[in-house]
Amino acid sequence: MGLADDISAAVTDVVCSDWDVRTGTVVPGTDDVKLKNGAVELDAVYLYADLADSTGLARDFTKKTAAKVIRAYLDATCRVIRARGGEIRSFDGDRVMAIFVGDSKNSNAAKCGLQIHYVVNEIVRPKVEANLPAIKNKGFVVKHCVGIDAGKALVVRGGVRGHNDLVSIGRSPNVAAKLSDERSFYRTYITKAVFDRLNDESKYGGEDQEVMWDGPATLKVGGENMSIYRSTWHWKP
């Protein structure tokens with residue numbers, strides 16, 4: 001049987017078979033989901049953190065310099081995610097995706113976003129500029145954006161045996177990813193679904209206990225007008 005026939009049989013098997021779905025209370029690892037039609041339904045919060053202008057970084061600097069900046073960003077971001085209880089499940093170049101579950105998942109993810117803002121501004125950017133002179137000399141500014149949404153998603157394994165990884169299917173991971181692509185002076189975006197479930201610690205800040213989130217505002221996300229909240233606040237880990 002040729003490759004085309006092999007692919008045809010495999011695709012038919014996928015689209016014609018029922019999913020074996022179980023409800024999850026923890027974020028699954030790859031081995032926790034069956035490769036053939038296994039799926040875990042999660043009620044979760046998805047966070048995407050994305051380094052801005054990686055195209056310019058790759059275009060204007062050496063590969064080694066660009067790699068140092070991206071690695072520094074991802075290293076710092078992942079440390080915050082893990083400290084806030086998030087489970088890291090995928091990387092896409094200069095972007096990382098994390099999943100939060102549990103009773104405080106919305107507040108933990110929102111706090112994580114604000115703390116990522118702090119470490120990028122106060123740690124990553126100054127250290128990059130101090131130790132990589134070309135970055136500062138050419139005017140490249142290390143910036144980022146975090147997108148967060150909540151809802152149910154289906155976690156499945158995509159790929160073939162020996163070459164596969166987990167994939168999250170649903171509105172919330174898709175929206176969170178698109179929000180992380182926003183480029184404005186705001187650095188953290190959350191949907192109304194997340195904002196409505198924040199505890200006071202993750203909603204109010206400063207001596208006067210101001211609301212740390214601007215909104216609601218309407219933003220078109222994937223062709224849909226959505227109610228979102230945005231923040232320029234940062235929070236020291």
# chains A, B, ... in the order shown; residues from 1 in each chain; ligands from 1
call {"tool": "select_by_dssp", "arguments": {"residues": "stretch 120-168 of chain A", "states": "strand (DSSP E or B)", "output": "count of residues only"}}
result
23
call {"tool": "residues_around", "arguments": {"residues": "stretch 152-163 of chain A", "least_positions_apart": "2", "cutoff": "8 Å", "atoms": "only C-alpha atoms", "output": "ChimeraX atom specification"}}
result
/A:30,33-35,37-44,150,165-173
call {"tool": "closest_atom_pairs", "arguments": {"of": "stretch 18-84 of chain A", "to": "stretch 104-121 of chain A", "cutoff": "7 Å", "atoms": "only C-alpha atoms", "output": "CSV"}}
result
residue,atom,partner,partner_atom,distance
A:Val45,CA,A:Lys105,CA,6.3
A:Leu47,CA,A:Ala109,CA,6.8
A:Ala76,CA,A:Val119,CA,6.9
A:Thr77,CA,A:Ile116,CA,5.8
A:Val80,CA,A:Cys112,CA,6.4
A:Ile81,CA,A:Cys112,CA,6.1
A:Arg84,CA,A:Asn108,CA,5.9
call {"tool": "residues_around", "arguments": {"residues": "A:Ser231", "least_positions_apart": "4", "cutoff": "8 Å", "atoms": "only C-alpha atoms", "output": "count of residues only"}}
result
8
call {"tool": "select_by_dssp", "arguments": {"residues": "stretch 35-162 of chain A", "states": "helix (DSSP H, G or I)", "output": "VMD selection string"}}
result
chain A and resid 54 to 60 63 to 83 105 to 131 133 to 137
call {"tool": "residues_around", "arguments": {"residues": "A:Phe91", "least_positions_apart": "3", "cutoff": "10 Å", "atoms": "only C-alpha atoms", "output": "PDB file with N, CA, C and O atoms, in the first residue's frame"}}
result
ATOM      1  N   TYR A  48      -1.688  32.357  27.005  1.00  0.00           N
ATOM      2  CA  TYR A  48      -0.636  32.413  26.000  1.00  0.00           C
ATOM      3  C   TYR A  48       0.206  33.654  26.265  1.00  0.00           C
ATOM      4  O   TYR A  48      -0.339  34.757  26.425  1.00  0.00           O
ATOM      5  N   ALA A  49       1.524  33.476  26.314  1.00  0.00           N
ATOM      6  CA  ALA A  49       2.453  34.593  26.459  1.00  0.00           C
ATOM      7  C   ALA A  49       3.321  34.645  25.200  1.00  0.00           C
ATOM      8  O   ALA A  49       3.931  33.644  24.821  1.00  0.00           O
ATOM      9  N   ASP A  50       3.369  35.818  24.568  1.00  0.00           N
ATOM     10  CA  ASP A  50       3.976  35.949  23.249  1.00  0.00           C
ATOM     11  C   ASP A  50       4.957  37.120  23.229  1.00  0.00           C
ATOM     12  O   ASP A  50       4.597  38.249  23.585  1.00  0.00           O
ATOM     13  N   LEU A  74      11.394  33.247  27.330  1.00  0.00           N
ATOM     14  CA  LEU A  74      10.681  32.011  27.646  1.00  0.00           C
ATOM     15  C   LEU A  74      11.079  31.471  29.013  1.00  0.00           C
ATOM     16  O   LEU A  74      10.226  30.963  29.756  1.00  0.00           O
ATOM     17  N   ILE A  88       2.597  24.053  31.821  1.00  0.00           N
ATOM     18  CA  ILE A  88       3.060  24.413  30.486  1.00  0.00           C
ATOM     19  C   ILE A  88       2.854  23.230  29.553  1.00  0.00           C
ATOM     20  O   ILE A  88       3.283  22.120  29.845  1.00  0.00           O
ATOM     21  N   ASP A  94       8.452  31.750  19.807  1.00  0.00           N
ATOM     22  CA  ASP A  94       8.642  32.669  20.932  1.00  0.00           C
ATOM     23  C   ASP A  94       7.397  32.747  21.814  1.00  0.00           C
ATOM     24  O   ASP A  94       7.240  33.690  22.589  1.00  0.00           O
ATOM     25  N   ARG A  95       6.512  31.778  21.716  1.00  0.00           N
ATOM     26  CA  ARG A  95       5.261  31.811  22.466  1.00  0.00           C
ATOM     27  C   ARG A  95       5.105  30.546  23.289  1.00  0.00           C
ATOM     28  O   ARG A  95       5.472  29.462  22.844  1.00  0.00           O
ATOM     29  N   VAL A  96       4.529  30.699  24.490  1.00  0.00           N
ATOM     30  CA  VAL A  96       4.310  29.555  25.357  1.00  0.00           C
ATOM     31  C   VAL A  96       2.844  29.523  25.774  1.00  0.00           C
ATOM     32  O   VAL A  96       2.216  30.576  25.966  1.00  0.00           O
ATOM     33  N   MET A  97       2.295  28.320  25.893  1.00  0.00           N
ATOM     34  CA  MET A  97       0.909  28.149  26.323  1.00  0.00           C
ATOM     35  C   MET A  97       0.877  27.390  27.637  1.00  0.00           C
ATOM     36  O   MET A  97       1.599  26.409  27.812  1.00  0.00           O
ATOM     37  N   ALA A  98       0.037  27.866  28.553  1.00  0.00           N
ATOM     38  CA  ALA A  98      -0.118  27.212  29.846  1.00  0.00           C
ATOM     39  C   ALA A  98      -1.593  27.023  30.158  1.00  0.00           C
ATOM     40  O   ALA A  98      -2.450  27.775  29.675  1.00  0.00           O
TER      41      ALA A  98
END
call {"tool": "atom_distance", "arguments": {"atom1": "atom CA of A:Tyr229", "atom2": "atom CA of A:Ile123"}}
result
25.3 Å
call {"tool": "residues_around", "arguments": {"residues": "A:Ala193", "least_positions_apart": "3", "cutoff": "8 Å", "atoms": "only C-alpha atoms", "output": "MDAnalysis selection string"}}
result
chainID A and resid 149:150 196:197
call {"tool": "atom_distance", "arguments": {"atom1": "atom CA of A:Lys178", "atom2": "atom CA of A:Val221"}}
result
6.7 Å
call {"tool": "closest_residue", "arguments": {"among": "A:Val146, A:Val141, A:Val21, A:Val69", "to": "A:Tyr46", "atoms": "only C-alpha atoms"}}
result
A:Val146
call {"tool": "closest_atom_pairs", "arguments": {"of": "stretch 86-196 of chain A", "to": "stretch 57-60 of chain A", "cutoff": "10 Å", "atoms": "only C-alpha atoms", "output": "CSV"}}
result
residue,atom,partner,partner_atom,distance
A:Ala134,CA,A:Asp60,CA,9.5
A:Ile135,CA,A:Leu57,CA,8.8
A:Lys138,CA,A:Asp60,CA,8.4
A:Phe140,CA,A:Leu57,CA,7.7
A:Val141,CA,A:Leu57,CA,9.7
A:Val142,CA,A:Leu57,CA,9.5
call {"tool": "decode", "arguments": {"residues": "stretch 208-222 of chain A", "atoms": "all heavy atoms", "output": "PDB file, in the first residue's frame"}}
result
ATOM      1  N   ASP A 208      -4.502  52.477  47.027  1.00  0.00           N
ATOM      2  CA  ASP A 208      -5.915  52.882  46.986  1.00  0.00           C
ATOM      3  C   ASP A 208      -6.830  51.770  46.490  1.00  0.00           C
ATOM      4  O   ASP A 208      -8.032  51.987  46.292  1.00  0.00           O
ATOM      5  CB  ASP A 208      -6.086  54.111  46.090  1.00  0.00           C
ATOM      6  CG  ASP A 208      -5.331  55.320  46.605  1.00  0.00           C
ATOM      7  OD1 ASP A 208      -5.202  55.435  47.841  1.00  0.00           O
ATOM      8  OD2 ASP A 208      -4.850  56.119  45.784  1.00  0.00           O
ATOM      9  N   GLN A 209      -6.276  50.589  46.307  1.00  0.00           N
ATOM     10  CA  GLN A 209      -7.054  49.440  45.830  1.00  0.00           C
ATOM     11  C   GLN A 209      -7.849  49.774  44.566  1.00  0.00           C
ATOM     12  O   GLN A 209      -9.065  49.600  44.494  1.00  0.00           O
ATOM     13  CB  GLN A 209      -7.965  48.918  46.935  1.00  0.00           C
ATOM     14  CG  GLN A 209      -7.231  48.187  48.051  1.00  0.00           C
ATOM     15  CD  GLN A 209      -6.561  46.897  47.539  1.00  0.00           C
ATOM     16  OE1 GLN A 209      -7.216  45.889  47.323  1.00  0.00           O
ATOM     17  NE2 GLN A 209      -5.250  46.937  47.348  1.00  0.00           N
ATOM     18  N   GLU A 210      -7.129  50.254  43.559  1.00  0.00           N
ATOM     19  CA  GLU A 210      -7.732  50.554  42.266  1.00  0.00           C
ATOM     20  C   GLU A 210      -7.975  49.264  41.485  1.00  0.00           C
ATOM     21  O   GLU A 210      -7.264  48.269  41.663  1.00  0.00           O
ATOM     22  CB  GLU A 210      -6.799  51.450  41.444  1.00  0.00           C
ATOM     23  CG  GLU A 210      -6.410  52.753  42.096  1.00  0.00           C
ATOM     24  CD  GLU A 210      -5.351  53.465  41.278  1.00  0.00           C
ATOM     25  OE1 GLU A 210      -5.634  53.770  40.095  1.00  0.00           O
ATOM     26  OE2 GLU A 210      -4.248  53.680  41.793  1.00  0.00           O
ATOM     27  N   VAL A 211      -8.956  49.311  40.615  1.00  0.00           N
ATOM     28  CA  VAL A 211      -9.149  48.191  39.695  1.00  0.00           C
ATOM     29  C   VAL A 211      -7.981  48.176  38.717  1.00  0.00           C
ATOM     30  O   VAL A 211      -7.670  49.188  38.083  1.00  0.00           O
ATOM     31  CB  VAL A 211     -10.475  48.311  38.928  1.00  0.00           C
ATOM     32  CG1 VAL A 211     -10.628  47.159  37.945  1.00  0.00           C
ATOM     33  CG2 VAL A 211     -11.654  48.329  39.886  1.00  0.00           C
ATOM     34  N   MET A 212      -7.313  47.039  38.607  1.00  0.00           N
ATOM     35  CA  MET A 212      -6.132  46.946  37.759  1.00  0.00           C
ATOM     36  C   MET A 212      -6.462  46.683  36.286  1.00  0.00           C
ATOM     37  O   MET A 212      -5.557  46.619  35.451  1.00  0.00           O
ATOM     38  CB  MET A 212      -5.220  45.821  38.281  1.00  0.00           C
ATOM     39  CG  MET A 212      -4.632  46.097  39.652  1.00  0.00           C
ATOM     40  SD  MET A 212      -3.426  44.843  40.181  1.00  0.00           S
ATOM     41  CE  MET A 212      -4.506  43.433  40.505  1.00  0.00           C
ATOM     42  N   TRP A 213      -7.745  46.560  35.985  1.00  0.00           N
ATOM     43  CA  TRP A 213      -8.157  46.165  34.644  1.00  0.00           C
ATOM     44  C   TRP A 213      -9.050  47.228  34.029  1.00  0.00           C
ATOM     45  O   TRP A 213     -10.038  47.641  34.635  1.00  0.00           O
ATOM     46  CB  TRP A 213      -8.908  44.834  34.695  1.00  0.00           C
ATOM     47  CG  TRP A 213      -8.095  43.765  35.348  1.00  0.00           C
ATOM     48  CD1 TRP A 213      -8.092  43.424  36.674  1.00  0.00           C
ATOM     49  CD2 TRP A 213      -7.146  42.911  34.721  1.00  0.00           C
ATOM     50  NE1 TRP A 213      -7.208  42.411  36.911  1.00  0.00           N
ATOM     51  CE2 TRP A 213      -6.604  42.075  35.722  1.00  0.00           C
ATOM     52  CE3 TRP A 213      -6.708  42.766  33.394  1.00  0.00           C
ATOM     53  CZ2 TRP A 213      -5.634  41.110  35.440  1.00  0.00           C
ATOM     54  CZ3 TRP A 213      -5.746  41.806  33.123  1.00  0.00           C
ATOM     55  CH2 TRP A 213      -5.228  40.994  34.135  1.00  0.00           C
ATOM     56  N   ASP A 214      -8.715  47.667  32.824  1.00  0.00           N
ATOM     57  CA  ASP A 214      -9.544  48.617  32.089  1.00  0.00           C
ATOM     58  C   ASP A 214     -10.600  47.847  31.297  1.00  0.00           C
ATOM     59  O   ASP A 214     -10.289  46.895  30.591  1.00  0.00           O
ATOM     60  CB  ASP A 214      -8.694  49.440  31.117  1.00  0.00           C
ATOM     61  CG  ASP A 214      -7.731  50.378  31.828  1.00  0.00           C
ATOM     62  OD1 ASP A 214      -7.952  50.643  33.028  1.00  0.00           O
ATOM     63  OD2 ASP A 214      -6.753  50.820  31.189  1.00  0.00           O
ATOM     64  N   GLY A 215     -11.829  48.305  31.398  1.00  0.00           N
ATOM     65  CA  GLY A 215     -12.887  47.642  30.646  1.00  0.00           C
ATOM     66  C   GLY A 215     -14.224  47.761  31.341  1.00  0.00           C
ATOM     67  O   GLY A 215     -14.342  48.451  32.353  1.00  0.00           O
ATOM     68  N   PRO A 216     -15.227  47.101  30.779  1.00  0.00           N
ATOM     69  CA  PRO A 216     -15.092  46.232  29.602  1.00  0.00           C
ATOM     70  C   PRO A 216     -14.942  47.019  28.309  1.00  0.00           C
ATOM     71  O   PRO A 216     -15.430  48.140  28.184  1.00  0.00           O
ATOM     72  CB  PRO A 216     -16.396  45.434  29.603  1.00  0.00           C
ATOM     73  CG  PRO A 216     -17.390  46.361  30.247  1.00  0.00           C
ATOM     74  CD  PRO A 216     -16.615  47.114  31.287  1.00  0.00           C
ATOM     75  N   ALA A 217     -14.257  46.415  27.373  1.00  0.00           N
ATOM     76  CA  ALA A 217     -14.116  46.974  26.034  1.00  0.00           C
ATOM     77  C   ALA A 217     -14.492  45.893  25.033  1.00  0.00           C
ATOM     78  O   ALA A 217     -14.429  44.701  25.342  1.00  0.00           O
ATOM     79  CB  ALA A 217     -12.682  47.441  25.798  1.00  0.00           C
ATOM     80  N   THR A 218     -14.902  46.325  23.861  1.00  0.00           N
ATOM     81  CA  THR A 218     -15.257  45.369  22.814  1.00  0.00           C
ATOM     82  C   THR A 218     -14.101  45.222  21.849  1.00  0.00           C
ATOM     83  O   THR A 218     -13.571  46.210  21.341  1.00  0.00           O
ATOM     84  CB  THR A 218     -16.513  45.823  22.056  1.00  0.00           C
ATOM     85  OG1 THR A 218     -17.613  45.926  22.972  1.00  0.00           O
ATOM     86  CG2 THR A 218     -16.887  44.832  20.969  1.00  0.00           C
ATOM     87  N   LEU A 219     -13.700  44.000  21.622  1.00  0.00           N
ATOM     88  CA  LEU A 219     -12.585  43.719  20.728  1.00  0.00           C
ATOM     89  C   LEU A 219     -12.992  42.594  19.791  1.00  0.00           C
ATOM     90  O   LEU A 219     -13.583  41.605  20.221  1.00  0.00           O
ATOM     91  CB  LEU A 219     -11.363  43.296  21.544  1.00  0.00           C
ATOM     92  CG  LEU A 219     -10.045  43.075  20.793  1.00  0.00           C
ATOM     93  CD1 LEU A 219      -9.518  44.390  20.246  1.00  0.00           C
ATOM     94  CD2 LEU A 219      -9.007  42.441  21.724  1.00  0.00           C
ATOM     95  N   LYS A 220     -12.686  42.757  18.516  1.00  0.00           N
ATOM     96  CA  LYS A 220     -12.999  41.700  17.553  1.00  0.00           C
ATOM     97  C   LYS A 220     -11.908  40.650  17.615  1.00  0.00           C
ATOM     98  O   LYS A 220     -10.733  40.923  17.349  1.00  0.00           O
ATOM     99  CB  LYS A 220     -13.113  42.268  16.141  1.00  0.00           C
ATOM    100  CG  LYS A 220     -13.483  41.224  15.086  1.00  0.00           C
ATOM    101  CD  LYS A 220     -13.972  41.847  13.791  1.00  0.00           C
ATOM    102  CE  LYS A 220     -15.400  42.355  13.925  1.00  0.00           C
ATOM    103  NZ  LYS A 220     -15.978  42.762  12.626  1.00  0.00           N
ATOM    104  N   VAL A 221     -12.298  39.447  17.995  1.00  0.00           N
ATOM    105  CA  VAL A 221     -11.358  38.343  18.144  1.00  0.00           C
ATOM    106  C   VAL A 221     -11.821  37.199  17.255  1.00  0.00           C
ATOM    107  O   VAL A 221     -12.882  36.616  17.487  1.00  0.00           O
ATOM    108  CB  VAL A 221     -11.269  37.877  19.613  1.00  0.00           C
ATOM    109  CG1 VAL A 221     -10.246  36.754  19.741  1.00  0.00           C
ATOM    110  CG2 VAL A 221     -10.922  39.029  20.539  1.00  0.00           C
ATOM    111  N   GLY A 222     -11.060  36.887  16.241  1.00  0.00           N
ATOM    112  CA  GLY A 222     -11.443  35.815  15.335  1.00  0.00           C
ATOM    113  C   GLY A 222     -12.782  36.055  14.660  1.00  0.00           C
ATOM    114  O   GLY A 222     -13.549  35.106  14.450  1.00  0.00           O
TER     115      GLY A 222
END
